[in-house]
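Undergrad: The structure under discussion is supplied below as structure tokens; questions concerning it will follow.
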Amino acid sequence: MLFLLPLVLGFCIAFLAVILPGLINMTAAKISLQEGKKEALSFALGASAIIFFQTFIALLFARFISNHQEIVSTLQEIGIFSFSLLSIYFFWIAKKPKKIKTDSKVKGKSNRFFLGMLLSTLNLLPIPFYVFASMSLVASGYFSFDKVPVSSFVVGVVSGSFTVLYIYIVAFKKIEKKTEFLMRNINTIIGFATTFMAVLTLLKLLYK
């Protein structure tokens, strides 16, 4: 269980985090449609390599923060404010996203492995996301920052992320209508998620 539980948690969290259409998975799908499965898999491997390092860095940050409770309290207060603003934005301000265009071409013929590394490097959101995710798991008693759980969690995150990219690569045409539905309703979905996180964080502060 010391290895298996963090592995499963990392896989599930990464899978849910990456499943919504985004720059990396949509690029993987376009490369697959235009250049073939081999090039798309090369792109996915490059992206996954960077995700490995991003997740490991995030866990190092999370371990440092967890050892300084004054930082944890401050981050929770900031989190309530941030999640509340995000909820307002996505419910009342954000416009509905435009329909995904799948006929545009991926420019250039450079090595797709390095393109995957580049796009994944430019996406810095996984670091703060996995900082808060791992700290939440620790607070719930499902995870620790020991070497084995950390290694297992990182492997799970990389595996979950690559699995989503693989699904986009091999089955994008079949799931295209579903991704369009998600994109039409993504603002509402994120709004509910951020509201839930704001309420949950507030309750933790009030009853800790």
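In the structure tokens, the first chain shown is A, the next is B, and so on; residue numbers restart at 1 for each chain, and ligands run from 1 in the order shown.
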With a distance cut-off of 12 Å and only C-alpha atoms, select the neighbouring residues of A:Ala40, excluding the residue or stretch itself and same-chain residues fewer than 2 positions from it, and output the selection as a PyMOL selection string.
TA: chain A and resi 24-38+42-47+106+111-116+162+165-170
Undergrad: Would you export the selected residues with N, CA, C and O atoms as a tab-separated table (two decimals), in the first residue's frame, please?
TA:
chain	number	residue	atom	x	y	z
A	24	ILE	N	-1.72	21.17	-24.76
A	24	ILE	CA	-0.86	20.00	-24.98
A	24	ILE	C	-1.62	18.83	-25.57
A	24	ILE	O	-1.19	18.23	-26.57
A	25	ASN	N	-2.78	18.47	-24.99
A	25	ASN	CA	-3.49	17.31	-25.52
A	25	ASN	C	-4.11	17.59	-26.90
A	25	ASN	O	-4.19	16.71	-27.75
A	26	MET	N	-4.53	18.85	-27.14
A	26	MET	CA	-5.06	19.17	-28.45
A	26	MET	C	-3.96	19.18	-29.52
A	26	MET	O	-4.18	18.78	-30.66
A	27	THR	N	-2.76	19.62	-29.14
A	27	THR	CA	-1.63	19.57	-30.06
A	27	THR	C	-1.26	18.13	-30.39
A	27	THR	O	-0.96	17.79	-31.53
A	28	ALA	N	-1.30	17.26	-29.37
A	28	ALA	CA	-1.03	15.84	-29.60
A	28	ALA	C	-2.04	15.25	-30.58
A	28	ALA	O	-1.68	14.48	-31.48
A	29	ALA	N	-3.31	15.63	-30.43
A	29	ALA	CA	-4.35	15.14	-31.34
A	29	ALA	C	-4.12	15.64	-32.76
A	29	ALA	O	-4.25	14.88	-33.73
A	30	LYS	N	-3.76	16.91	-32.91
A	30	LYS	CA	-3.53	17.48	-34.24
A	30	LYS	C	-2.33	16.82	-34.92
A	30	LYS	O	-2.37	16.53	-36.12
A	31	ILE	N	-1.26	16.60	-34.16
A	31	ILE	CA	-0.08	15.95	-34.74
A	31	ILE	C	-0.44	14.54	-35.20
A	31	ILE	O	-0.01	14.09	-36.27
A	32	SER	N	-1.26	13.84	-34.41
A	32	SER	CA	-1.68	12.49	-34.79
A	32	SER	C	-2.48	12.50	-36.08
A	32	SER	O	-2.27	11.65	-36.96
A	33	LEU	N	-3.38	13.47	-36.21
A	33	LEU	CA	-4.22	13.55	-37.41
A	33	LEU	C	-3.42	13.95	-38.65
A	33	LEU	O	-3.68	13.48	-39.75
A	34	GLN	N	-2.42	14.81	-38.47
A	34	GLN	CA	-1.70	15.37	-39.61
A	34	GLN	C	-0.42	14.63	-39.97
A	34	GLN	O	-0.04	14.56	-41.13
A	35	GLU	N	0.25	14.06	-38.95
A	35	GLU	CA	1.56	13.46	-39.20
A	35	GLU	C	1.65	11.99	-38.81
A	35	GLU	O	2.66	11.35	-39.08
A	36	GLY	N	0.65	11.49	-38.13
A	36	GLY	CA	0.65	10.08	-37.78
A	36	GLY	C	0.87	9.84	-36.29
A	36	GLY	O	1.32	10.71	-35.54
A	37	LYS	N	0.54	8.63	-35.89
A	37	LYS	CA	0.59	8.24	-34.48
A	37	LYS	C	2.01	8.27	-33.92
A	37	LYS	O	2.23	8.67	-32.77
A	38	LYS	N	3.00	7.89	-34.73
A	38	LYS	CA	4.39	7.82	-34.26
A	38	LYS	C	4.88	9.19	-33.80
A	38	LYS	O	5.48	9.32	-32.73
A	42	SER	N	5.77	10.58	-29.93
A	42	SER	CA	7.04	11.24	-29.62
A	42	SER	C	6.78	12.55	-28.89
A	42	SER	O	7.46	12.88	-27.90
A	43	PHE	N	5.80	13.29	-29.37
A	43	PHE	CA	5.40	14.55	-28.71
A	43	PHE	C	4.93	14.28	-27.28
A	43	PHE	O	5.31	14.98	-26.34
A	44	ALA	N	4.11	13.25	-27.09
A	44	ALA	CA	3.57	12.92	-25.77
A	44	ALA	C	4.68	12.51	-24.81
A	44	ALA	O	4.64	12.86	-23.62
A	45	LEU	N	5.67	11.78	-25.30
A	45	LEU	CA	6.79	11.38	-24.44
A	45	LEU	C	7.60	12.60	-24.00
A	45	LEU	O	8.04	12.67	-22.85
A	46	GLY	N	7.79	13.56	-24.91
A	46	GLY	CA	8.51	14.78	-24.55
A	46	GLY	C	7.76	15.57	-23.49
A	46	GLY	O	8.36	16.05	-22.51
A	47	ALA	N	6.45	15.69	-23.67
A	47	ALA	CA	5.63	16.40	-22.68
A	47	ALA	C	5.66	15.69	-21.33
A	47	ALA	O	5.77	16.33	-20.27
A	106	VAL	N	-0.31	22.10	-37.48
A	106	VAL	CA	0.78	22.35	-36.56
A	106	VAL	C	1.99	22.75	-37.39
A	106	VAL	O	2.47	21.95	-38.19
A	111	ASN	N	11.66	18.27	-34.40
A	111	ASN	CA	11.49	17.05	-33.61
A	111	ASN	C	10.31	17.20	-32.66
A	111	ASN	O	10.28	18.12	-31.83
A	112	ARG	N	9.35	16.30	-32.78
A	112	ARG	CA	8.12	16.41	-31.98
A	112	ARG	C	8.37	16.13	-30.50
A	112	ARG	O	7.63	16.60	-29.65
A	113	PHE	N	9.40	15.36	-30.19
A	113	PHE	CA	9.74	15.10	-28.79
A	113	PHE	C	10.11	16.41	-28.09
A	113	PHE	O	9.63	16.70	-26.99
A	114	PHE	N	10.93	17.21	-28.74
A	114	PHE	CA	11.36	18.49	-28.16
A	114	PHE	C	10.23	19.52	-28.17
A	114	PHE	O	10.18	20.39	-27.31
A	115	LEU	N	9.33	19.42	-29.16
A	115	LEU	CA	8.16	20.30	-29.16
A	115	LEU	C	7.29	20.00	-27.94
A	115	LEU	O	6.78	20.91	-27.28
A	116	GLY	N	7.14	18.72	-27.63
A	116	GLY	CA	6.38	18.33	-26.45
A	116	GLY	C	7.02	18.84	-25.18
A	116	GLY	O	6.34	19.33	-24.27
A	162	PHE	N	0.25	10.76	-19.48
A	162	PHE	CA	0.54	10.12	-20.76
A	162	PHE	C	-0.67	9.35	-21.27
A	162	PHE	O	-0.94	9.32	-22.48
A	165	LEU	N	-3.01	11.76	-22.96
A	165	LEU	CA	-2.45	12.15	-24.25
A	165	LEU	C	-2.61	11.03	-25.27
A	165	LEU	O	-2.94	11.26	-26.44
A	166	TYR	N	-2.42	9.79	-24.82
A	166	TYR	CA	-2.57	8.64	-25.72
A	166	TYR	C	-4.01	8.51	-26.20
A	166	TYR	O	-4.27	8.21	-27.38
A	167	ILE	N	-4.96	8.75	-25.30
A	167	ILE	CA	-6.38	8.69	-25.67
A	167	ILE	C	-6.68	9.74	-26.74
A	167	ILE	O	-7.38	9.46	-27.73
A	168	TYR	N	-6.17	10.94	-26.56
A	168	TYR	CA	-6.37	12.00	-27.56
A	168	TYR	C	-5.72	11.63	-28.89
A	168	TYR	O	-6.25	11.95	-29.97
A	169	ILE	N	-4.59	10.96	-28.83
A	169	ILE	CA	-3.86	10.59	-30.04
A	169	ILE	C	-4.61	9.53	-30.85
A	169	ILE	O	-4.73	9.64	-32.07
A	170	VAL	N	-5.10	8.51	-30.18
A	170	VAL	CA	-5.69	7.37	-30.90
A	170	VAL	C	-7.20	7.45	-31.07
A	170	VAL	O	-7.76	6.76	-31.91
Undergrad: Need to verify the contact set: stretch 119-128 of chain A, 6 Å, only C-alpha atoms, exclusion of same-chain residues closer than 2 positions in sequence. Can you return it as a ChimeraX atom specification?
TA: /A:47,54,58,116-117,130-131
Undergrad: Write the residues of the selection above to a file with N, CA and C atoms, as a PDB file, in the first residue's frame.
TA:
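Final output, again28.pdb:
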ATOM      1  N   ALA A  47       6.450  15.686 -23.667  1.00  0.00           N
ATOM      2  CA  ALA A  47       5.630  16.401 -22.677  1.00  0.00           C
ATOM      3  C   ALA A  47       5.661  15.688 -21.327  1.00  0.00           C
ATOM      4  N   GLN A  54       8.349  18.512 -13.302  1.00  0.00           N
ATOM      5  CA  GLN A  54       7.446  19.489 -12.691  1.00  0.00           C
ATOM      6  C   GLN A  54       6.788  18.919 -11.435  1.00  0.00           C
ATOM      7  N   ALA A  58       7.261  20.144  -7.618  1.00  0.00           N
ATOM      8  CA  ALA A  58       6.070  20.513  -6.845  1.00  0.00           C
ATOM      9  C   ALA A  58       6.055  19.822  -5.494  1.00  0.00           C
ATOM     10  N   GLY A 116       7.137  18.718 -27.633  1.00  0.00           N
ATOM     11  CA  GLY A 116       6.378  18.330 -26.448  1.00  0.00           C
ATOM     12  C   GLY A 116       7.023  18.844 -25.177  1.00  0.00           C
ATOM     13  N   MET A 117       8.359  18.763 -25.107  1.00  0.00           N
ATOM     14  CA  MET A 117       9.083  19.288 -23.950  1.00  0.00           C
ATOM     15  C   MET A 117       8.894  20.800 -23.834  1.00  0.00           C
ATOM     16  N   TYR A 130       0.025  20.584  -8.224  1.00  0.00           N
ATOM     17  CA  TYR A 130       0.449  19.390  -7.489  1.00  0.00           C
ATOM     18  C   TYR A 130       0.987  19.732  -6.104  1.00  0.00           C
ATOM     19  N   VAL A 131       1.396  20.986  -5.883  1.00  0.00           N
ATOM     20  CA  VAL A 131       1.739  21.419  -4.529  1.00  0.00           C
ATOM     21  C   VAL A 131       0.504  21.318  -3.641  1.00  0.00           C
TER      22      VAL A 131
END
Undergrad: Excluding same-chain residues fewer than 4 positions from A:Val8, what lies within 12 Å of it counting only C-alpha atoms, as a ChimeraX atom specification?
TA: /A:1-4,12-15,142-143,149,152-160
Undergrad: Produce a file of the selected residues containing N, CA and C atoms, as an mmCIF file, in the first residue's frame.
TA:
data_model
loop_
_atom_site.group_PDB
_atom_site.id
_atom_site.type_symbol
_atom_site.label_atom_id
_atom_site.label_comp_id
_atom_site.auth_asym_id
_atom_site.auth_seq_id
_atom_site.Cartn_x
_atom_site.Cartn_y
_atom_site.Cartn_z
ATOM 1 N N MET A 1 0.821 -1.216 0.000
ATOM 2 C CA MET A 1 0.000 0.000 0.000
ATOM 3 C C MET A 1 0.853 1.264 0.000
ATOM 4 N N LEU A 2 2.063 1.164 0.591
ATOM 5 C CA LEU A 2 2.950 2.316 0.650
ATOM 6 C C LEU A 2 3.292 2.811 -0.748
ATOM 7 N N PHE A 3 3.355 1.882 -1.707
ATOM 8 C CA PHE A 3 3.669 2.243 -3.092
ATOM 9 C C PHE A 3 2.408 2.367 -3.943
ATOM 10 N N LEU A 4 1.462 1.455 -3.747
ATOM 11 C CA LEU A 4 0.293 1.376 -4.619
ATOM 12 C C LEU A 4 -0.654 2.563 -4.473
ATOM 13 N N CYS A 12 -4.924 9.022 -10.926
ATOM 14 C CA CYS A 12 -6.294 9.542 -11.006
ATOM 15 C C CYS A 12 -6.328 11.070 -11.031
ATOM 16 N N ILE A 13 -5.507 11.703 -10.177
ATOM 17 C CA ILE A 13 -5.484 13.167 -10.129
ATOM 18 C C ILE A 13 -4.990 13.732 -11.455
ATOM 19 N N ALA A 14 -3.921 13.152 -12.002
ATOM 20 C CA ALA A 14 -3.382 13.627 -13.279
ATOM 21 C C ALA A 14 -4.370 13.397 -14.413
ATOM 22 N N PHE A 15 -5.017 12.243 -14.415
ATOM 23 C CA PHE A 15 -5.981 11.914 -15.468
ATOM 24 C C PHE A 15 -7.112 12.941 -15.500
ATOM 25 N N TYR A 142 -3.653 10.388 3.395
ATOM 26 C CA TYR A 142 -3.496 9.414 2.313
ATOM 27 C C TYR A 142 -2.121 9.448 1.654
ATOM 28 N N PHE A 143 -1.257 10.346 2.117
ATOM 29 C CA PHE A 143 0.027 10.524 1.443
ATOM 30 C C PHE A 143 1.048 11.063 2.436
ATOM 31 N N PRO A 149 6.586 6.957 -1.255
ATOM 32 C CA PRO A 149 5.332 7.565 -1.715
ATOM 33 C C PRO A 149 5.539 8.672 -2.743
ATOM 34 N N SER A 152 6.414 7.049 -6.061
ATOM 35 C CA SER A 152 5.222 6.394 -6.582
ATOM 36 C C SER A 152 4.217 7.403 -7.131
ATOM 37 N N PHE A 153 4.034 8.514 -6.412
ATOM 38 C CA PHE A 153 3.091 9.543 -6.839
ATOM 39 C C PHE A 153 3.535 10.173 -8.158
ATOM 40 N N VAL A 154 4.822 10.448 -8.284
ATOM 41 C CA VAL A 154 5.355 11.032 -9.524
ATOM 42 C C VAL A 154 5.131 10.090 -10.701
ATOM 43 N N VAL A 155 5.401 8.814 -10.496
ATOM 44 C CA VAL A 155 5.173 7.824 -11.559
ATOM 45 C C VAL A 155 3.696 7.784 -11.939
ATOM 46 N N GLY A 156 2.819 7.853 -10.938
ATOM 47 C CA GLY A 156 1.386 7.845 -11.200
ATOM 48 C C GLY A 156 0.939 9.058 -11.992
ATOM 49 N N VAL A 157 1.469 10.237 -11.652
ATOM 50 C CA VAL A 157 1.111 11.466 -12.372
ATOM 51 C C VAL A 157 1.559 11.389 -13.825
ATOM 52 N N VAL A 158 2.794 10.957 -14.037
ATOM 53 C CA VAL A 158 3.307 10.851 -15.412
ATOM 54 C C VAL A 158 2.496 9.832 -16.205
ATOM 55 N N SER A 159 2.173 8.703 -15.583
ATOM 56 C CA SER A 159 1.389 7.662 -16.258
ATOM 57 C C SER A 159 -0.011 8.156 -16.601
ATOM 58 N N GLY A 160 -0.645 8.857 -15.659
ATOM 59 C CA GLY A 160 -1.988 9.393 -15.903
ATOM 60 C C GLY A 160 -1.993 10.427 -17.010
#
Undergrad: From the set A:Ala62, A:Leu118, A:Phe196, A:Leu41, which residue has the shortest atom-to-atom contact distance to A:Leu23, counting only C-alpha atoms?
TA: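 Among A:Ala62, A:Leu118, A:Phe196, A:Leu41, it is A:Leu118 that comes nearest to A:Leu23.
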